[in-house]
Structures are given as C-alpha cells and as structure tokens.
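As provided, target16.pdb (PDB, C-alpha atoms and all ligand atoms) reads as follows.
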MODEL        1
ATOM      1  CA  MET A 113      -6.889   5.928  13.961
ATOM      2  CA  VAL A 114     -10.650   6.270  13.454
ATOM      3  CA  PRO A 115     -11.583   9.256  11.281
ATOM      4  CA  THR A 116     -13.383  12.055  13.120
ATOM      5  CA  LYS A 117     -15.424  15.011  11.886
ATOM      6  CA  ASP A 118     -12.245  17.094  11.783
ATOM      7  CA  ARG A 119      -9.509  14.548  11.170
ATOM      8  CA  ASN A 120      -8.883  12.105   8.355
ATOM      9  CA  GLN A 121      -6.903   8.905   8.782
ATOM     10  CA  SER A 122      -3.139   9.108   8.284
ATOM     11  CA  GLY A 123      -1.234  10.080   5.180
ATOM     12  CA  VAL A 124       1.992  12.036   4.717
ATOM     13  CA  LEU A 125       3.068  13.206   1.281
ATOM     14  CA  ILE A 126       6.755  14.020   0.857
ATOM     15  CA  ARG A 127       7.158  16.193  -2.217
ATOM     16  CA  TYR A 128      10.698  16.363  -3.559
ATOM     17  CA  LYS A 129      11.313  17.498  -7.129
ATOM     18  CA  ASN A 130       9.343  15.007  -9.275
ATOM     19  CA  GLU A 131       8.838  12.534  -6.452
ATOM     20  CA  GLY A 132       5.653  12.239  -4.432
ATOM     21  CA  ILE A 133       6.249   9.756  -1.647
ATOM     22  CA  LEU A 134       3.077   8.886   0.216
ATOM     23  CA  VAL A 135       3.643   7.306   3.625
ATOM     24  CA  ASP A 136       0.393   5.755   4.873
ATOM     25  CA  CYS A 137      -2.739   5.671   2.780
ATOM     26  CA  GLY A 138      -5.629   5.962   5.215
ATOM     27  CA  GLU A 139      -9.297   5.915   4.291
ATOM     28  CA  GLY A 140     -10.448   8.918   2.261
ATOM     29  CA  MET A 141      -6.954   9.655   0.959
ATOM     30  CA  GLN A 142      -7.898  10.503  -2.619
ATOM     31  CA  ARG A 143     -10.444  13.059  -1.421
ATOM     32  CA  GLN A 144      -7.801  14.674   0.775
ATOM     33  CA  PHE A 145      -5.674  15.162  -2.358
ATOM     34  CA  LYS A 146      -8.670  16.755  -4.098
ATOM     35  CA  GLN A 147      -9.347  19.098  -1.223
ATOM     36  CA  LYS A 148      -5.728  20.171  -1.033
ATOM     37  CA  GLY A 149      -5.555  20.619  -4.811
ATOM     38  CA  ILE A 150      -2.734  18.127  -5.330
ATOM     39  CA  PRO A 151      -3.204  15.841  -8.356
ATOM     40  CA  LEU A 152      -3.306  12.208  -7.334
ATOM     41  CA  THR A 153      -0.928  11.490 -10.211
ATOM     42  CA  ARG A 154       1.760  13.315  -8.180
ATOM     43  CA  VAL A 155       2.245  10.089  -6.198
ATOM     44  CA  THR A 156       5.251   8.065  -7.359
ATOM     45  CA  LYS A 157       5.846   5.829  -4.344
ATOM     46  CA  ILE A 158       3.666   4.521  -1.522
ATOM     47  CA  LEU A 159       5.309   3.362   1.716
ATOM     48  CA  ILE A 160       3.173   1.125   3.903
ATOM     49  CA  PRO A 161       4.188   0.882   7.571
ATOM     50  CA  HIS A 162       1.874  -2.037   8.356
ATOM     51  CA  TRP A 163      -1.401  -3.540   7.289
ATOM     52  CA  HIS A 164      -3.786  -2.347   9.993
ATOM     53  CA  GLY A 165      -6.735  -0.863   8.130
ATOM     54  CA  ASP A 166      -6.259   2.712   9.284
ATOM     55  CA  HIS A 167      -3.001   2.857   7.273
ATOM     56  CA  VAL A 168      -4.202   1.189   4.058
ATOM     57  CA  PHE A 169      -7.979   1.622   3.686
ATOM     58  CA  GLY A 170      -7.299   4.352   1.120
ATOM     59  CA  LEU A 171      -5.223   2.101  -1.164
ATOM     60  CA  PRO A 172      -7.989   0.519  -3.269
ATOM     61  CA  GLY A 173      -9.489   3.966  -3.899
ATOM     62  CA  VAL A 174      -6.194   5.579  -4.834
ATOM     63  CA  MET A 175      -5.161   2.726  -7.130
ATOM     64  CA  SER A 176      -8.566   2.462  -8.737
ATOM     65  CA  THR A 177      -8.744   6.204  -9.481
ATOM     66  CA  LEU A 178      -5.163   6.292 -10.784
ATOM     67  CA  GLY A 179      -6.347   3.664 -13.316
ATOM     68  CA  THR A 180      -8.826   6.191 -14.724
ATOM     69  CA  LEU A 181      -6.249   8.978 -14.982
ATOM     70  CA  GLU A 182      -3.331   9.445 -17.338
ATOM     71  CA  TYR A 183      -0.822   8.106 -14.856
ATOM     72  CA  GLY A 184       1.821   6.741 -17.215
ATOM     73  CA  LYS A 185       4.305   5.887 -14.464
ATOM     74  CA  THR A 186       4.929   2.648 -12.617
ATOM     75  CA  LEU A 187       3.763   3.142  -9.043
ATOM     76  CA  GLU A 188       6.303   1.776  -6.583
ATOM     77  CA  ILE A 189       4.829   0.250  -3.438
ATOM     78  CA  TYR A 190       7.026  -0.658  -0.469
ATOM     79  CA  GLY A 191       5.843  -2.428   2.640
ATOM     80  CA  PRO A 192       6.706  -5.131   5.144
ATOM     81  CA  LYS A 193       6.732  -8.862   4.472
ATOM     82  CA  GLY A 194       3.257  -9.954   3.402
ATOM     83  CA  THR A 195       2.593  -6.799   1.359
ATOM     84  CA  LYS A 196       2.509  -8.695  -1.964
ATOM     85  CA  LYS A 197      -0.074 -11.134  -0.619
ATOM     86  CA  HIS A 198      -2.219  -8.354   0.854
ATOM     87  CA  LEU A 199      -2.243  -6.508  -2.467
ATOM     88  CA  GLU A 200      -3.099  -9.669  -4.395
ATOM     89  CA  ASN A 201      -6.011 -10.186  -2.031
ATOM     90  CA  MET A 202      -7.095  -6.589  -2.485
ATOM     91  CA  PHE A 203      -7.207  -7.031  -6.250
ATOM     92  CA  LYS A 204      -9.261 -10.182  -5.772
ATOM     93  CA  ALA A 205     -11.675  -8.468  -3.402
ATOM     94  CA  PHE A 206     -12.641  -5.612  -5.723
ATOM     95  CA  VAL A 207     -13.211  -5.266  -9.459
ATOM     96  CA  PHE A 208     -10.596  -2.967 -10.973
ATOM     97  CA  ASP A 209     -11.571  -2.183 -14.561
ATOM     98  CA  ARG A 210      -8.357  -0.444 -15.448
ATOM     99  CA  ARG A 211      -5.131  -1.152 -13.676
ATOM    100  CA  ILE A 212      -2.065   1.007 -13.488
ATOM    101  CA  LYS A 213       1.414  -0.460 -13.691
ATOM    102  CA  PHE A 214       2.867  -1.013 -10.260
ATOM    103  CA  GLU A 215       5.788  -2.760  -8.577
ATOM    104  CA  VAL A 216       5.762  -4.124  -5.057
ATOM    105  CA  LYS A 217       8.861  -4.555  -2.937
ATOM    106  CA  GLU A 218       8.830  -6.086   0.506
ATOM    107  CA  VAL A 219      11.409  -4.429   2.736
ATOM    108  CA  LYS A 220      12.815  -5.333   6.102
ATOM    109  CA  SER A 221      15.600  -3.186   7.481
ATOM    110  CA  GLY A 222      18.102  -0.626   6.175
ATOM    111  CA  ARG A 223      18.361   1.212   2.867
ATOM    112  CA  PHE A 224      15.927   0.007   0.225
ATOM    113  CA  PHE A 225      15.989   2.796  -2.353
ATOM    114  CA  GLU A 226      18.558   5.309  -3.523
ATOM    115  CA  ASN A 227      19.209   7.592  -6.432
ATOM    116  CA  LYS A 228      21.604  10.490  -6.953
ATOM    117  CA  GLU A 229      19.597  12.802  -4.739
ATOM    118  CA  PHE A 230      18.142  10.873  -1.819
ATOM    119  CA  CYS A 231      17.657   7.496  -0.220
ATOM    120  CA  LEU A 232      14.880   5.736   1.684
ATOM    121  CA  GLU A 233      15.557   3.619   4.737
ATOM    122  CA  THR A 234      13.500   1.566   7.149
ATOM    123  CA  LEU A 235      13.693  -0.107  10.547
ATOM    124  CA  PRO A 236      11.195  -2.405  12.243
ATOM    125  CA  LEU A 237       9.152  -0.984  15.123
ATOM    126  CA  GLU A 238       7.200  -2.664  17.940
ATOM    127  CA  HIS A 239       3.450  -2.787  17.444
ATOM    128  CA  GLY A 240       2.395  -6.416  17.837
ATOM    129  CA  VAL A 241       2.216  -6.867  14.053
ATOM    130  CA  ILE A 242       5.142  -6.381  11.682
ATOM    131  CA  THR A 243       5.517  -2.600  11.372
ATOM    132  CA  LEU A 244       8.091  -0.344   9.734
ATOM    133  CA  GLY A 245       9.258   3.204  10.316
ATOM    134  CA  TYR A 246      10.554   5.080   7.264
ATOM    135  CA  SER A 247      13.132   7.746   6.622
ATOM    136  CA  PHE A 248      13.755  10.001   3.658
ATOM    137  CA  VAL A 249      17.371  11.170   3.605
ATOM    138  CA  GLU A 250      18.550  13.744   1.103
ATOM    139  CA  ASN A 251      22.203  13.545   0.043
ATOM    140  CA  ASP A 252      24.482  16.362   1.138
ATOM    141  CA  ILE A 253      24.739  19.049  -1.527
ATOM    142  CA  ARG A 254      28.031  20.741  -2.440
ATOM    143  CA  HIS A 255      27.700  24.379  -3.499
ATOM    144  CA  VAL A 256      30.207  26.701  -5.104
ATOM    145  CA  ASP A 257      31.080  29.715  -2.965
ATOM    146  CA  ALA A 258      30.882  32.403  -5.654
ATOM    147  CA  LYS A 259      32.995  34.875  -3.638
ATOM    148  CA  LYS A 260      35.842  32.415  -3.152
ATOM    149  CA  ALA A 261      35.703  31.345  -6.801
ATOM    150  CA  LYS A 262      35.913  34.992  -7.888
ATOM    151  CA  LYS A 263      38.797  35.660  -5.547
ATOM    152  CA  LEU A 264      40.764  32.814  -7.089
ATOM    153  CA  GLY A 265      39.669  33.991 -10.533
ATOM    154  CA  ILE A 266      38.105  30.680 -11.563
ATOM    155  CA  PRO A 267      35.559  31.377 -14.304
ATOM    156  CA  ASN A 268      32.097  29.820 -14.493
ATOM    157  CA  GLY A 269      32.286  26.623 -16.467
ATOM    158  CA  PRO A 270      33.645  23.073 -16.420
ATOM    159  CA  LEU A 271      36.298  23.745 -13.763
ATOM    160  CA  LEU A 272      33.722  24.873 -11.221
ATOM    161  CA  GLY A 273      31.543  21.964 -12.261
ATOM    162  CA  LYS A 274      34.354  19.551 -11.410
ATOM    163  CA  LEU A 275      34.991  21.216  -8.059
ATOM    164  CA  GLN A 276      31.284  20.990  -7.283
ATOM    165  CA  ARG A 277      31.486  17.251  -7.994
ATOM    166  CA  ASN A 278      34.209  17.132  -5.349
ATOM    167  CA  GLU A 279      37.101  16.763  -7.779
ATOM    168  CA  SER A 280      40.347  18.738  -7.577
ATOM    169  CA  VAL A 281      41.359  20.776 -10.633
ATOM    170  CA  SER A 282      44.445  22.531 -11.839
ATOM    171  CA  PHE A 283      44.038  26.234 -12.601
ATOM    172  CA  GLU A 284      46.812  28.484 -13.884
ATOM    173  CA  GLY A 285      49.391  25.921 -12.873
ATOM    174  CA  LYS A 286      48.069  25.525  -9.321
ATOM    175  CA  LYS A 287      46.057  22.754  -7.761
ATOM    176  CA  VAL A 288      42.650  23.843  -6.458
ATOM    177  CA  ASN A 289      40.838  21.562  -4.016
ATOM    178  CA  PRO A 290      37.034  21.417  -3.683
ATOM    179  CA  LYS A 291      37.230  22.701  -0.113
ATOM    180  CA  ASP A 292      38.936  25.891  -1.365
ATOM    181  CA  VAL A 293      35.879  27.079  -3.294
ATOM    182  CA  THR A 294      32.908  24.971  -2.246
ATOM    183  CA  TYR A 295      30.915  24.237   0.906
ATOM    184  CA  VAL A 296      28.620  21.369   1.822
ATOM    185  CA  GLU A 297      24.989  21.793   2.783
ATOM    186  CA  LYS A 298      23.725  18.921   4.896
ATOM    187  CA  GLY A 299      20.889  16.963   3.220
ATOM    188  CA  LYS A 300      17.469  17.068   4.861
ATOM    189  CA  LYS A 301      16.042  14.168   6.778
ATOM    190  CA  ILE A 302      12.348  13.372   7.259
ATOM    191  CA  ILE A 303      11.181  10.463   9.388
ATOM    192  CA  VAL A 304       7.752   8.883   9.726
ATOM    193  CA  ILE A 305       7.248   6.677  12.758
ATOM    194  CA  ALA A 306       3.912   4.900  12.521
ATOM    195  CA  ASP A 307       2.335   2.769  15.214
ATOM    196  CA  THR A 308       4.742   1.587  17.885
ATOM    197  CA  VAL A 309       5.569   1.638  21.549
ATOM    198  CA  PRO A 310       8.736   3.597  22.351
ATOM    199  CA  CYS A 311      11.668   1.543  21.075
ATOM    200  CA  ARG A 312      15.351   1.860  20.219
ATOM    201  CA  ASN A 313      14.763   1.641  16.497
ATOM    202  CA  ALA A 314      12.441   4.663  16.609
ATOM    203  CA  VAL A 315      15.258   6.722  18.143
ATOM    204  CA  LYS A 316      17.835   5.246  15.767
ATOM    205  CA  LEU A 317      15.751   6.035  12.709
ATOM    206  CA  ALA A 318      14.935   9.547  13.908
ATOM    207  CA  LYS A 319      18.575  10.453  14.615
ATOM    208  CA  ASP A 320      19.189  14.128  13.757
ATOM    209  CA  ALA A 321      15.921  14.376  11.818
ATOM    210  CA  ASP A 322      14.973  17.776  10.475
ATOM    211  CA  LEU A 323      11.352  16.699  10.694
ATOM    212  CA  LEU A 324      10.113  13.802  12.795
ATOM    213  CA  ILE A 325       6.505  12.810  12.188
ATOM    214  CA  CYS A 326       5.543  10.450  14.974
ATOM    215  CA  GLU A 327       2.465   8.691  16.204
ATOM    216  CA  SER A 328       1.137   9.848  19.554
ATOM    217  CA  THR A 329      -2.194   8.157  20.021
ATOM    218  CA  TYR A 330      -2.723   9.209  23.632
ATOM    219  CA  ASP A 331      -1.570  11.631  26.313
ATOM    220  CA  SER A 332       0.287  10.516  29.427
ATOM    221  CA  LYS A 333      -2.902   9.849  31.418
ATOM    222  CA  LEU A 334      -3.484   6.882  29.100
ATOM    223  CA  GLU A 335       0.085   5.613  28.989
ATOM    224  CA  GLU A 336      -0.949   2.122  30.141
ATOM    225  CA  LYS A 337      -3.486   1.892  27.358
ATOM    226  CA  GLY A 338      -0.777   2.875  24.931
ATOM    227  CA  GLU A 339       1.439   0.089  26.127
ATOM    228  CA  ALA A 340      -1.386  -2.455  25.945
ATOM    229  CA  TYR A 341      -2.325  -1.494  22.366
ATOM    230  CA  GLY A 342       1.186  -0.842  21.035
ATOM    231  CA  HIS A 343       1.042   2.952  20.864
ATOM    232  CA  MET A 344       2.799   6.036  22.198
ATOM    233  CA  THR A 345       1.790   9.075  24.187
ATOM    234  CA  GLY A 346       2.692  12.628  23.255
ATOM    235  CA  LYS A 347       5.336  12.641  25.960
ATOM    236  CA  GLN A 348       6.881   9.409  24.693
ATOM    237  CA  ALA A 349       7.012  10.831  21.159
ATOM    238  CA  GLY A 350       8.673  13.924  22.643
ATOM    239  CA  LEU A 351      11.246  11.755  24.366
ATOM    240  CA  VAL A 352      12.036   9.987  21.089
ATOM    241  CA  ALA A 353      12.549  13.406  19.465
ATOM    242  CA  ASN A 354      14.742  14.451  22.378
ATOM    243  CA  GLN A 355      16.909  11.348  22.408
ATOM    244  CA  ALA A 356      17.239  11.416  18.629
ATOM    245  CA  ASN A 357      18.204  15.101  18.611
ATOM    246  CA  ALA A 358      15.433  15.849  16.114
ATOM    247  CA  LYS A 359      14.790  19.473  15.172
ATOM    248  CA  LYS A 360      11.013  19.400  14.924
ATOM    249  CA  LEU A 361       8.322  16.960  16.012
ATOM    250  CA  VAL A 362       4.931  16.635  14.345
ATOM    251  CA  LEU A 363       2.444  14.460  16.201
ATOM    252  CA  THR A 364      -0.095  12.318  14.334
ATOM    253  CA  HIS A 365      -2.418   9.308  14.728
ATOM    254  CA  PHE A 366      -4.595  10.541  17.585
ATOM    255  CA  SER A 367      -7.228   8.522  19.330
ATOM    256  CA  ALA A 368     -10.724   9.600  18.265
ATOM    257  CA  ARG A 369     -11.488  10.319  21.932
ATOM    258  CA  TYR A 370      -9.642  13.658  21.630
ATOM    259  CA  LYS A 371     -11.943  16.406  20.347
ATOM    260  CA  THR A 372      -8.917  18.653  20.026
ATOM    261  CA  THR A 373      -5.314  17.522  20.038
ATOM    262  CA  HIS A 374      -4.305  20.122  22.602
ATOM    263  CA  GLU A 375      -3.714  17.629  25.450
ATOM    264  CA  VAL A 376      -1.477  15.399  23.368
ATOM    265  CA  GLU A 377       0.471  18.381  22.075
ATOM    266  CA  GLU A 378       1.003  19.785  25.573
ATOM    267  CA  ASP A 379       2.083  16.328  26.722
ATOM    268  CA  ALA A 380       4.840  16.306  24.092
ATOM    269  CA  LYS A 381       5.830  19.925  24.690
ATOM    270  CA  GLY A 382       6.552  19.054  28.326
ATOM    271  CA  VAL A 383       9.675  17.228  27.114
ATOM    272  CA  PHE A 384      10.257  18.623  23.621
ATOM    273  CA  ASP A 385       9.468  22.284  22.939
ATOM    274  CA  ASN A 386       9.328  22.190  19.170
ATOM    275  CA  SER A 387       6.299  19.885  18.994
ATOM    276  CA  ILE A 388       3.111  20.446  17.060
ATOM    277  CA  ALA A 389      -0.018  18.329  16.603
ATOM    278  CA  ALA A 390      -0.712  17.726  12.923
ATOM    279  CA  LYS A 391      -3.904  19.037  11.399
ATOM    280  CA  ASP A 392      -5.300  17.837   8.095
ATOM    281  CA  PHE A 393      -3.640  19.587   5.133
ATOM    282  CA  MET A 394      -0.763  20.998   7.170
ATOM    283  CA  VAL A 395       2.351  21.708   5.084
ATOM    284  CA  PHE A 396       5.942  21.928   6.272
ATOM    285  CA  LYS A 397       8.710  23.217   4.059
ATOM    286  CA  ILE A 398      12.167  22.153   5.128
TER     287      ILE A 398
HETATM  288 ZN    ZN B 401      -2.711   2.888  13.222
HETATM  289 ZN    ZN B 402      -1.558  -0.278  13.827
ENDMDL
END
Once you've parsed the file, please lay out its structure as structure tokens.
Amino acid sequence: MVPTKDRNQSGVLIRYKNEGILVDCGEGMQRQFKQKGIPLTRVTKILIPHWHGDHVFGLPGVMSTLGTLEYGKTLEIYGPKGTKKHLENMFKAFVFDRRIKFEVKEVKSGRFFENKEFCLETLPLEHGVITLGYSFVENDIRHVDAKKAKKLGIPNGPLLGKLQRNESVSFEGKKVNPKDVTYVEKGKKIIVIADTVPCRNAVKLAKDADLLICESTYDSKLEEKGEAYGHMTGKQAGLVANQANAKKLVLTHFSARYKTTHEVEEDAKGVFDNSIAAKDFMVFKI
C-alpha cells in the first residue's frame, strides 16, 4: 500500500514470449525495472485493477519515460470503467513532451483479450470502488510423442504437423488420430487478485491457478480492519487459494505496519501450505 524502506508499491510483470503484461503500476515502477535489469520497453500491456493511487502512481512515470525510448509499439492499457477519463486527466495534469502510441480499453467481466497462445480474463471484486481481478490463461499445448510417432513409422514433416494441430491423417492407408501420437499439456494459469474482501469472484477467477498472486494487507488479528477497508488477511487469501484449488499462493500488498511479512505469511500458511510473501524483485517460473 504505502511504500516502505524495503518494499515498493505493487507491480507484477508477466513475461511470456514477446509479451510483457504489467498488472498494477505502483509508484516507483520504472526504477524497479531498472534495478531488476528489465528494459521498460518490455512492457506491452498494462492491466489496471482500480484507480486507488497505490496501483497507478507509477503510470505517468512509465508512460513519460517510454516516450523518450525507442518504444515503437502501441501500449495496450486495460482497466475498469472510468479508465479513459482518468488517463485523459493524467495527460492534462502533467506535461508530456513526447507521447507513445497507446490504446485504452475499459473492461468489465469475462474474456477481453485472446490470441493463438493465451487469453486474458477479468472479474469484478469487492473493494468499495470498482475493482478488477485479472487472469492470464495459456492455451493447452499439444505435443508430438516422438516414441509413439517412431513406433508407427510416421516421419517428421507435414503429417506430424497436422496431428499436432489436432487433425487426423491417413498414413500408409490407415487413419491416424491425434490421440495416437500426441499428448496435451495443460496451459498455465496466473491470477492477480488486487484489493478486495474475500468474495466468490476471487475464488472463481483463481480456479485451478498455477500461480495465485493475492492481496493480503493484514494478518488475522486485524481481520475487522480488513473488512472495514475492503482488504484481506493472509488467512483469507489462503482460504481463497484453498477453495480455488490453486497450486501456489504469493501474498502481496502488505500494510506498512509490518516490518517483515512473516506474520502475514504464517497466517496464510495456517490454511494453505504453499504460501509465500512476495519480496521486491522475486521471480517465479511456471
Ligand atoms: Zn491498494
Ligand atoms: Zn485499493
């Protein structure tokens, strides 16, 4: 929420092939990129959960600096209703000498982006102001089982290509089905749940997540405070992970009162073993 000596405000970068999807753009974001050695130009999309300052104070800086770099792409910005107006106001508030090309889309619920490899989905959360949780869902990938292909004698080439695209082929007078020589690897799923109280949509969005990144502002001793301010405790985040059958939970968005995040992490671990409190610059490969 408030930056501390050891913790920056929120920002999660999902790196997938040429995509750099930044969820949250807290204050100091461009410097975090510098420190981690990731070029700012890596960002292709920014997903805004809501317009409380701690999630967007880094936007003017990021967009202004991108204007001085050889960006060349059109930055895609997604956010809840009102995002266009907020951005217009931002551009009125500051002088931007050089602007990058960008596109803004206001999203509400469900799938809002897809290509051949992955899709992005959203659901509204409960935080007093309009707030969205986001999911990155990779498509399932069909692989050729080299052993099976060899056994059937199918050579490398267009026939295997067709089978990999889930089409049946005819080989030496016999029909070969994709399931005879290929197998499907489940696509990965990453979820970012920003500010909210525990709610059904958080569980729905996080269903079977490989990685669930979830706010946990407090520990259970301050559960009432969480409810009053529209936030979760570590335990509540753990319960979301549990109910959603997530594989791993990463806790973020801690109250500045916590010198270390140990208490919040332990709070979550009480109900969900595979929990870890995020630290700045942490990387997860899934
Ligand atoms: Zn926040
Ligand atoms: Zn908020």
Contacts with ligand ZN 401 (chain B) at most 10 Å, all atoms listed in the file counted, listed as a PyMOL selection string
chain A and resi 113-114+121-122+136+138+161-168+239+306-308+327+329+342-343+364-367
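Of the residues listed (A:Tyr330, A:Phe283, A:Phe145, A:Phe214), A:Tyr330 shows the shortest atom-to-atom separation from A:Thr373; distances use all atoms listed in the file.
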Selected residue of minimal separation from ligand ZN 402 (chain B) among A:Glu226, A:Glu238, A:Glu279, A:Glu182, counting only C-alpha atoms and all ligand atoms
A:Glu238
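Distances from A:Tyr246, A:Ala356, A:Leu237, A:Leu351 to ligand ZN 402 (chain B) were compared using only C-alpha atoms and all ligand atoms, and the smallest one belongs to A:Leu237.
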Please evaluate the PyMOL selection byres (((chain A and resi 117) around 12) and not hetatm) against the structure above and give the resulting residues as a VMD selection string.
chain A and resid 114 to 116 118 to 121 368 to 372 392
For a test of reading the model, state the distance in Å between atom CA of A:Phe208 and atom CA of A:Ile242, rounded to one decimal.
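Between atom CA of A:Phe208 and atom CA of A:Ile242 the gap works out to 27.8 Å.
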Would you kindly return, as a PDB file with C-alpha atoms, in the coordinates of the input, each protein, DNA or RNA residue with an atom no farther than 9 Å from any atom of stretch 191-199 of chain A, considering all atoms listed in the file and excluding same-chain residues fewer than 2 positions away?
ATOM      1  CA  ILE A 158       3.666   4.521  -1.522  1.00  0.00           C
ATOM      2  CA  LEU A 159       5.309   3.362   1.716  1.00  0.00           C
ATOM      3  CA  ILE A 160       3.173   1.125   3.903  1.00  0.00           C
ATOM      4  CA  PRO A 161       4.188   0.882   7.571  1.00  0.00           C
ATOM      5  CA  HIS A 162       1.874  -2.037   8.356  1.00  0.00           C
ATOM      6  CA  TRP A 163      -1.401  -3.540   7.289  1.00  0.00           C
ATOM      7  CA  ILE A 189       4.829   0.250  -3.438  1.00  0.00           C
ATOM      8  CA  ASN A 201      -6.011 -10.186  -2.031  1.00  0.00           C
ATOM      9  CA  MET A 202      -7.095  -6.589  -2.485  1.00  0.00           C
ATOM     10  CA  PHE A 203      -7.207  -7.031  -6.250  1.00  0.00           C
ATOM     11  CA  LYS A 204      -9.261 -10.182  -5.772  1.00  0.00           C
ATOM     12  CA  VAL A 216       5.762  -4.124  -5.057  1.00  0.00           C
ATOM     13  CA  LYS A 217       8.861  -4.555  -2.937  1.00  0.00           C
ATOM     14  CA  GLU A 218       8.830  -6.086   0.506  1.00  0.00           C
ATOM     15  CA  VAL A 219      11.409  -4.429   2.736  1.00  0.00           C
ATOM     16  CA  LYS A 220      12.815  -5.333   6.102  1.00  0.00           C
ATOM     17  CA  PRO A 236      11.195  -2.405  12.243  1.00  0.00           C
ATOM     18  CA  ILE A 242       5.142  -6.381  11.682  1.00  0.00           C
ATOM     19  CA  THR A 243       5.517  -2.600  11.372  1.00  0.00           C
ATOM     20  CA  LEU A 244       8.091  -0.344   9.734  1.00  0.00           C
TER      21      LEU A 244
END
Name the closest residue to A:Gly273 among the candidates A:Lys146, A:Arg254, A:Lys316, A:Lys287; distances are taken between atoms, counting all atoms listed in the file.
A:Arg254
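If you apply the PyMOL selection byres (((chain A and resi 346-349) around 8) and not hetatm) to this structure, you end up with Pro310, Cys326, Glu327, Ser328, Thr329, Tyr330, Asp331, Ser332, Met344, Thr345, Gly350, Leu351, Val352, Ala353, Leu363, Val376, Glu377, Glu378, Asp379, Ala380, Lys381, Gly382 and Val383 of chain A.
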Just to confirm, what's the straight-line distance from atom CA of A:Asp257 to atom CA of A:Ala358 in Å (one decimal)?
28.3 Å
Closest of A:Phe248, A:Asp385, A:Gly240, A:Tyr190 to ligand ZN 402 (chain B), counting all atoms listed in the file, is A:Gly240
Expected answer as a list in words: all residues with atoms within 8 Å of (19.6, 14.0, 12.6), all atoms listed in the file
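Applying the cut-off with all atoms listed in the file, one gets Lys301, Ala318, Lys319, Asp320, Ala321, Asp322, Ala356, Asn357, Ala358 and Lys359 of chain A.
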Quick check on the file I pasted: which residues fall under the PyMOL selection byres (((chain A and resi 175) around 12) and not hetatm)? Write them as JSON, numbers by chain.
{"A": [137, 141, 142, 152, 153, 155, 156, 157, 158, 168, 169, 170, 171, 172, 173, 174, 176, 177, 178, 179, 180, 181, 183, 186, 187, 188, 189, 199, 202, 203, 206, 207, 208, 209, 210, 211, 212, 213, 214]}
What is the distance between atom CA of A:Leu235 and atom CA of A:Lys397, in Å to one decimal?
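It comes out at 24.7 Å.
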Counting all atoms listed in the file, the option among A:Gly245, A:Glu284, A:Glu229, A:Pro290 closest to ligand ZN 402 (chain B):
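Closest to ligand ZN 402 (chain B) of all the choices is A:Gly245.
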